[in-house]
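Asker: Mind looking over this structure? Questions follow.
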Amino acid sequence: MLPSPHPFSRCTVATVRQIFHPDTGQRLADNQMVCHYPNHYELTRKDLMVKNIKRYIRDQVKEGNSVEGADCLPVTYLLPADYSLFVEEFRRSPNCMWIMKPANAAQGRGIFIINKLAQIKKWSSGRFAGRDQETYVVSRYIENPLLIGGKKFDLRIYVLITSFRPLRMYLGDGFARFCNANYSSDLADIDNMYIHLTNVSVQKHNEDYNDQHGGKWNIQNLRLYLESTRGLAATEKMFSDIDDLLVHSAKSVQNVIINDRHCFECYGYDLLLDDDLKPWLVEINASPSMNATSQGDREMKTKLMKDVFDIVLPDSVNVNDPDFKGATSTGPCRDTGDFVVLYDEAAEAERAARAEEMKQNAGRGRSARERPASSKLWK
Ligand SMILES: Nc1ncnc2c1ncn2[C@@H]1O[C@H](COP(=O)(O)OP(=O)(O)OP(=O)(O)O)[C@@H](O)[C@H]1O
């Protein structure tokens with residue numbers, strides 16, 4: 001058992017492996033919880049995320065289920081495993097840009113963009129010291145990102161999952177992170193990471209980086225901007241597509257993640273929007289940075305952590321109660337603080353059963369009412 005007087009032990013992605021490794025002989029007490037799932041990397045390593053989502057889509061199509069919203073990955077291959085497939089695809093559309101990313105790195109490290117096969121040598125000849133032939137993912141570069149003020153941006157969205165089976169998922173706050181330099185898909189700018197990579201860790205080295213606002217917009221501002229420039233319906237559809245994307249991504253690993261009842265995890269989703277307002281999934285972070293780049297950022301992240309604790313361990317729950325089986329499995333999910341319920345599988349199943357019953361009753365002359373579909377996001 002882990003020695004800790006408090007139900008929350010400090011737990012990084014590295015220590016979580018040790019905690020759940022059978023050889024360590026450590027066990028979590030009933031009243032201890034950790035902020036990662038043992039094999040979260042199935043979702044948070046770029047190569048595994050791609051594999052799981054591709055497999056999920058194949059399976060859903062085979063079973064005749066809707067995959068609307070699941071088609072969220074740019075065409076992507078794993079290197080070296082898919083090298084021949086990649087070359088084939090590359091030759092089919094020779095004028096496209098591709099982005100090469102190490103499967104297991106962060107903060108823009110080792111990323112480069114190519115538009116010629118010869119440029120892949122940066123990877124194959126091991127230009128990145130110590131990264132010789134390491135696994136890379138290569139994705140079609142989204143060449144038509146939505147621009148605001150001429151700048152590319154991505155979205156960081158926080159998603160809390162307190163159980164994978166049944167899926168219990170909450171949608172938290174988020175923000176847009178802007179590049180400092182104006183976007184250009186000109187090949188002369190292909191190596192200019194200030195144009196192409198939205199990571200704060202990259203942008204903060206640019207001389208134009210503004211540490212007052214940190215190059216960020218909160219998501220409500222983005223919504224208002226989109227409503228006024230693209231209209232209400234298009235904005236609502238985009239946010240609703242994001243909801244679908246998030247839920248499908250979690251479902252893709254539902255049967256893969258070790259669903260230990262001591263675990264919960266707050267993921268940092270990175271999404272790109274293209275000029276047609278289609279959201280693309282870039283990656284999912286298991287330990288999204290809680291460092292603040294501005295006062296507003298600090299307030300948002302402090303609130304985020306408080307909300308996570310309120311969901312995982314609400315005041316109504318006594319962890320020392322012998323009947324305590326993990327706060328995350330008690331009752332239906334509820335909106336809490338800035339988190340809204342994104343998907344509560346048990347409640348959805350109940351709702352579906354009720355709807356079915358009402359439909360049957362309606363067939364016998366009673367009225368049936370359906371819940372209108374709408375996005376959950378930041379209204
Ligand atoms: N397919 C793509 N098309 C266009 N831009 C992309 C694409 N994939 C990634 N990017 C850009 O590159 C940036 C870095 O990508 P990614 O987040 O996958 O790398 P990372 O180094 O793991 O970053 P992080 O520090 O967020 O973990 C993204 O924020 C985005 O701006």
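For the structure tokens, the naming scheme is as follows: chains receive sequential letters (A, B, ...) according to their order of presentation, residues are indexed from 1 within each chain, and ligands are indexed from 1 in presentation order.
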At a cut-off of 7 Å, can you tabulate as JSON lines every residue of chain A near ligand 1 together with its closest atom pair and the distance in Å to one decimal, using only C-alpha atoms and all ligand atoms and ordering rows by chain then number?
Answerer:
{"residue": "A:Pro74", "atom": "CA", "partner": "ligand 1", "partner_atom_place_in_ligand_line": "1 (N)", "distance": 5.9}
{"residue": "A:Ile99", "atom": "CA", "partner": "ligand 1", "partner_atom_place_in_ligand_line": "1 (N)", "distance": 6.0}
{"residue": "A:Lys101", "atom": "CA", "partner": "ligand 1", "partner_atom_place_in_ligand_line": "18 (O)", "distance": 6.7}
{"residue": "A:Ala105", "atom": "CA", "partner": "ligand 1", "partner_atom_place_in_ligand_line": "22 (O)", "distance": 5.4}
{"residue": "A:Ala106", "atom": "CA", "partner": "ligand 1", "partner_atom_place_in_ligand_line": "21 (O)", "distance": 3.4}
{"residue": "A:Gln107", "atom": "CA", "partner": "ligand 1", "partner_atom_place_in_ligand_line": "25 (O)", "distance": 3.1}
{"residue": "A:Gly108", "atom": "CA", "partner": "ligand 1", "partner_atom_place_in_ligand_line": "21 (O)", "distance": 3.2}
{"residue": "A:Arg109", "atom": "CA", "partner": "ligand 1", "partner_atom_place_in_ligand_line": "21 (O)", "distance": 5.3}
{"residue": "A:Ile111", "atom": "CA", "partner": "ligand 1", "partner_atom_place_in_ligand_line": "21 (O)", "distance": 6.8}
{"residue": "A:Ser139", "atom": "CA", "partner": "ligand 1", "partner_atom_place_in_ligand_line": "1 (N)", "distance": 5.1}
{"residue": "A:Arg140", "atom": "CA", "partner": "ligand 1", "partner_atom_place_in_ligand_line": "1 (N)", "distance": 5.2}
{"residue": "A:Tyr141", "atom": "CA", "partner": "ligand 1", "partner_atom_place_in_ligand_line": "3 (N)", "distance": 3.6}
{"residue": "A:Ile142", "atom": "CA", "partner": "ligand 1", "partner_atom_place_in_ligand_line": "3 (N)", "distance": 3.8}
{"residue": "A:Glu143", "atom": "CA", "partner": "ligand 1", "partner_atom_place_in_ligand_line": "4 (C)", "distance": 6.5}
{"residue": "A:Phe153", "atom": "CA", "partner": "ligand 1", "partner_atom_place_in_ligand_line": "31 (O)", "distance": 6.6}
{"residue": "A:Asp154", "atom": "CA", "partner": "ligand 1", "partner_atom_place_in_ligand_line": "31 (O)", "distance": 5.8}
{"residue": "A:His196", "atom": "CA", "partner": "ligand 1", "partner_atom_place_in_ligand_line": "31 (O)", "distance": 5.9}
{"residue": "A:Leu197", "atom": "CA", "partner": "ligand 1", "partner_atom_place_in_ligand_line": "31 (O)", "distance": 3.9}
{"residue": "A:Thr198", "atom": "CA", "partner": "ligand 1", "partner_atom_place_in_ligand_line": "31 (O)", "distance": 3.9}
{"residue": "A:Asn199", "atom": "CA", "partner": "ligand 1", "partner_atom_place_in_ligand_line": "29 (O)", "distance": 4.9}
{"residue": "A:Ser201", "atom": "CA", "partner": "ligand 1", "partner_atom_place_in_ligand_line": "25 (O)", "distance": 7.0}
{"residue": "A:Asp270", "atom": "CA", "partner": "ligand 1", "partner_atom_place_in_ligand_line": "17 (O)", "distance": 6.3}
{"residue": "A:Leu272", "atom": "CA", "partner": "ligand 1", "partner_atom_place_in_ligand_line": "30 (C)", "distance": 6.9}
{"residue": "A:Val282", "atom": "CA", "partner": "ligand 1", "partner_atom_place_in_ligand_line": "8 (N)", "distance": 5.2}
{"residue": "A:Glu283", "atom": "CA", "partner": "ligand 1", "partner_atom_place_in_ligand_line": "18 (O)", "distance": 5.3}
{"residue": "A:Asn285", "atom": "CA", "partner": "ligand 1", "partner_atom_place_in_ligand_line": "27 (O)", "distance": 6.2}
Asker: Next, the residues of the selection above should be written as a CSV table (one decimal), in the first residue's frame with N, CA and C atoms.
Answerer:
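Result file out_2.csv:
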chain,number,residue,atom,x,y,z
A,74,PRO,N,-5.8,13.9,-39.6
A,74,PRO,CA,-5.2,14.1,-41.0
A,74,PRO,C,-4.6,12.8,-41.4
A,99,ILE,N,3.9,16.9,-42.0
A,99,ILE,CA,4.6,17.3,-40.8
A,99,ILE,C,5.1,16.0,-40.1
A,101,LYS,N,6.7,14.2,-36.8
A,101,LYS,CA,6.8,14.5,-35.4
A,101,LYS,C,7.3,13.2,-34.6
A,105,ALA,N,7.4,12.8,-28.0
A,105,ALA,CA,8.2,14.0,-27.5
A,105,ALA,C,7.1,15.1,-27.4
A,106,ALA,N,7.6,16.2,-26.9
A,106,ALA,CA,6.6,17.3,-26.7
A,106,ALA,C,7.3,18.7,-26.9
A,107,GLN,N,6.6,19.7,-26.8
A,107,GLN,CA,7.1,21.1,-26.9
A,107,GLN,C,7.7,21.4,-28.3
A,108,GLY,N,7.3,20.7,-29.3
A,108,GLY,CA,7.7,21.0,-30.6
A,108,GLY,C,9.1,20.4,-31.0
A,109,ARG,N,9.6,19.6,-30.0
A,109,ARG,CA,11.0,19.1,-30.2
A,109,ARG,C,11.0,18.0,-31.4
A,111,ILE,N,10.3,18.3,-34.4
A,111,ILE,CA,9.3,18.4,-35.5
A,111,ILE,C,9.8,19.2,-36.7
A,139,SER,N,2.2,13.3,-40.8
A,139,SER,CA,0.8,13.6,-41.1
A,139,SER,C,0.7,14.6,-42.2
A,140,ARG,N,-0.4,14.5,-42.9
A,140,ARG,CA,-0.7,15.6,-43.9
A,140,ARG,C,-0.7,16.9,-43.1
A,141,TYR,N,0.0,17.9,-43.6
A,141,TYR,CA,0.0,19.2,-42.9
A,141,TYR,C,-1.3,19.9,-43.3
A,142,ILE,N,-2.0,20.4,-42.3
A,142,ILE,CA,-3.3,21.2,-42.6
A,142,ILE,C,-2.8,22.5,-43.1
A,143,GLU,N,-3.0,22.7,-44.5
A,143,GLU,CA,-2.4,23.8,-45.1
A,143,GLU,C,-3.3,25.0,-45.1
A,153,PHE,N,-3.6,29.4,-35.2
A,153,PHE,CA,-3.7,29.1,-33.8
A,153,PHE,C,-4.2,27.6,-33.6
A,154,ASP,N,-4.0,27.1,-32.5
A,154,ASP,CA,-4.6,25.8,-32.2
A,154,ASP,C,-5.5,25.9,-30.9
A,196,HIS,N,4.5,28.0,-38.2
A,196,HIS,CA,3.7,26.7,-38.3
A,196,HIS,C,3.4,26.1,-37.0
A,197,LEU,N,4.2,26.2,-35.9
A,197,LEU,CA,3.9,25.5,-34.7
A,197,LEU,C,3.3,26.5,-33.6
A,198,THR,N,2.2,26.1,-33.1
A,198,THR,CA,1.5,27.0,-32.2
A,198,THR,C,1.9,26.8,-30.7
A,199,ASN,N,2.8,25.8,-30.5
A,199,ASN,CA,3.2,25.6,-29.1
A,199,ASN,C,3.8,26.8,-28.4
A,201,SER,N,5.8,26.8,-26.0
A,201,SER,CA,7.2,26.6,-25.8
A,201,SER,C,8.0,27.0,-27.0
A,270,ASP,N,-5.2,18.8,-28.0
A,270,ASP,CA,-4.8,19.9,-28.9
A,270,ASP,C,-5.5,19.7,-30.3
A,272,LEU,N,-6.7,21.5,-34.1
A,272,LEU,CA,-6.6,22.6,-35.1
A,272,LEU,C,-7.9,22.8,-35.8
A,282,VAL,N,-4.9,16.9,-33.1
A,282,VAL,CA,-3.4,17.0,-33.3
A,282,VAL,C,-2.8,16.0,-32.3
A,283,GLU,N,-3.2,16.1,-31.0
A,283,GLU,CA,-2.6,15.2,-30.0
A,283,GLU,C,-3.4,15.4,-28.7
A,285,ASN,N,-2.6,15.3,-24.5
A,285,ASN,CA,-1.5,15.3,-23.5
A,285,ASN,C,-2.1,14.7,-22.2
Asker: Could the residues of segment 144-233 of chain A that have an atom at most 12 Å from segment 37-50 of chain A be listed as CSV, each with its closest atom pair and the distance in Å to one decimal, counting only C-alpha atoms and ordered by chain and ascending residue number?
Answerer:
residue,atom,partner,partner_atom,distance
A:Leu160,CA,A:Tyr37,CA,11.8
A:Ile161,CA,A:Tyr37,CA,9.7
A:Thr162,CA,A:Tyr37,CA,9.6
A:Ser163,CA,A:Tyr37,CA,9.5
A:Phe164,CA,A:Tyr37,CA,9.7
Asker: Please provide the set of residues having any atom within 10 Å of Arg168 of chain A, restricted to only C-alpha atoms, with same-chain residues fewer than 6 positions apart removed, written as a list in words.
Answerer: Leu160, Ile161, Thr162, Val247, Ala250, Phe264, Thr328, Ser329, Pro332, Cys333, Val341, Leu342, Tyr343, Asp344, Glu345, Ala346 and Ala347 of chain A
Asker: Name the closest residue to Leu277 of chain A among the candidates A:Glu63, A:Asp315, A:Asp30, A:Asp241; distances are taken between atoms, counting only C-alpha atoms.
Answerer: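 The shortest atom-to-atom distance to Leu277 of chain A comes from A:Asp241.
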Asker: Pick out the closest residue to Leu246 of chain A from this set: A:Val13, A:Leu171, A:Ile195, A:Val61. Count only C-alpha atoms.
Answerer: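 Using only C-alpha atoms, Leu246 of chain A sits closest to A:Leu171.
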Asker: Atom CA of Asp71 of chain A to atom CA of Ile57 of chain A: how many Å, to one decimal?
Answerer: 7.6 Å
Asker: Any idea what's packed within 12 Å of Cys179 of chain A, counting only C-alpha atoms, ignoring anything in its chain fewer than 4 positions away? Could you give it as a PyMOL selection string?
Answerer: chain A and resi 145+147-155+183-184+192-210+214-217
Asker: Could you tell me which of A:Lys359, A:Lys54, A:Arg156, A:Arg17 comes closest to Gly172 of chain A if we count only C-alpha atoms?
Answerer: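 Result for the nearest residue to Gly172 of chain A: A:Arg156.
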Asker: Let me make sure I understand: among A:Arg298, A:Asn180, A:Leu73, A:Tyr136, which one has the smallest atom-to-atom distance to Phe86 of chain A if we use only C-alpha atoms?
Answerer: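 Closest to Phe86 of chain A of all the choices is A:Tyr136.
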Asker: As an exercise, work out the distance from atom CA of Leu187 of chain A to atom CA of Lys116 of chain A in Å and give it to one decimal place.
Answerer: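 We find that atom CA of Leu187 of chain A and atom CA of Lys116 of chain A lie 10.7 Å from each other.
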Asker: So which residues of segment 70-260 of chain A fall under strand (DSSP E) by DSSP, listed as a ChimeraX atom specification?
Answerer: /A:76-79,98-102,112-114,136-140,147-148,151-164,167-178,216-218
Asker: Hey, which of A:Asp189, A:Glu357, A:Asp82, A:Asp338 ends up closest to Ile113 of chain A? Count only C-alpha atoms.
Answerer: A:Asp189
Asker: To one decimal in Å, tell me the separation between atom CA of Asn104 of chain A and atom CA of Asp23 of chain A.
Answerer: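 A separation of 25.0 Å between them.
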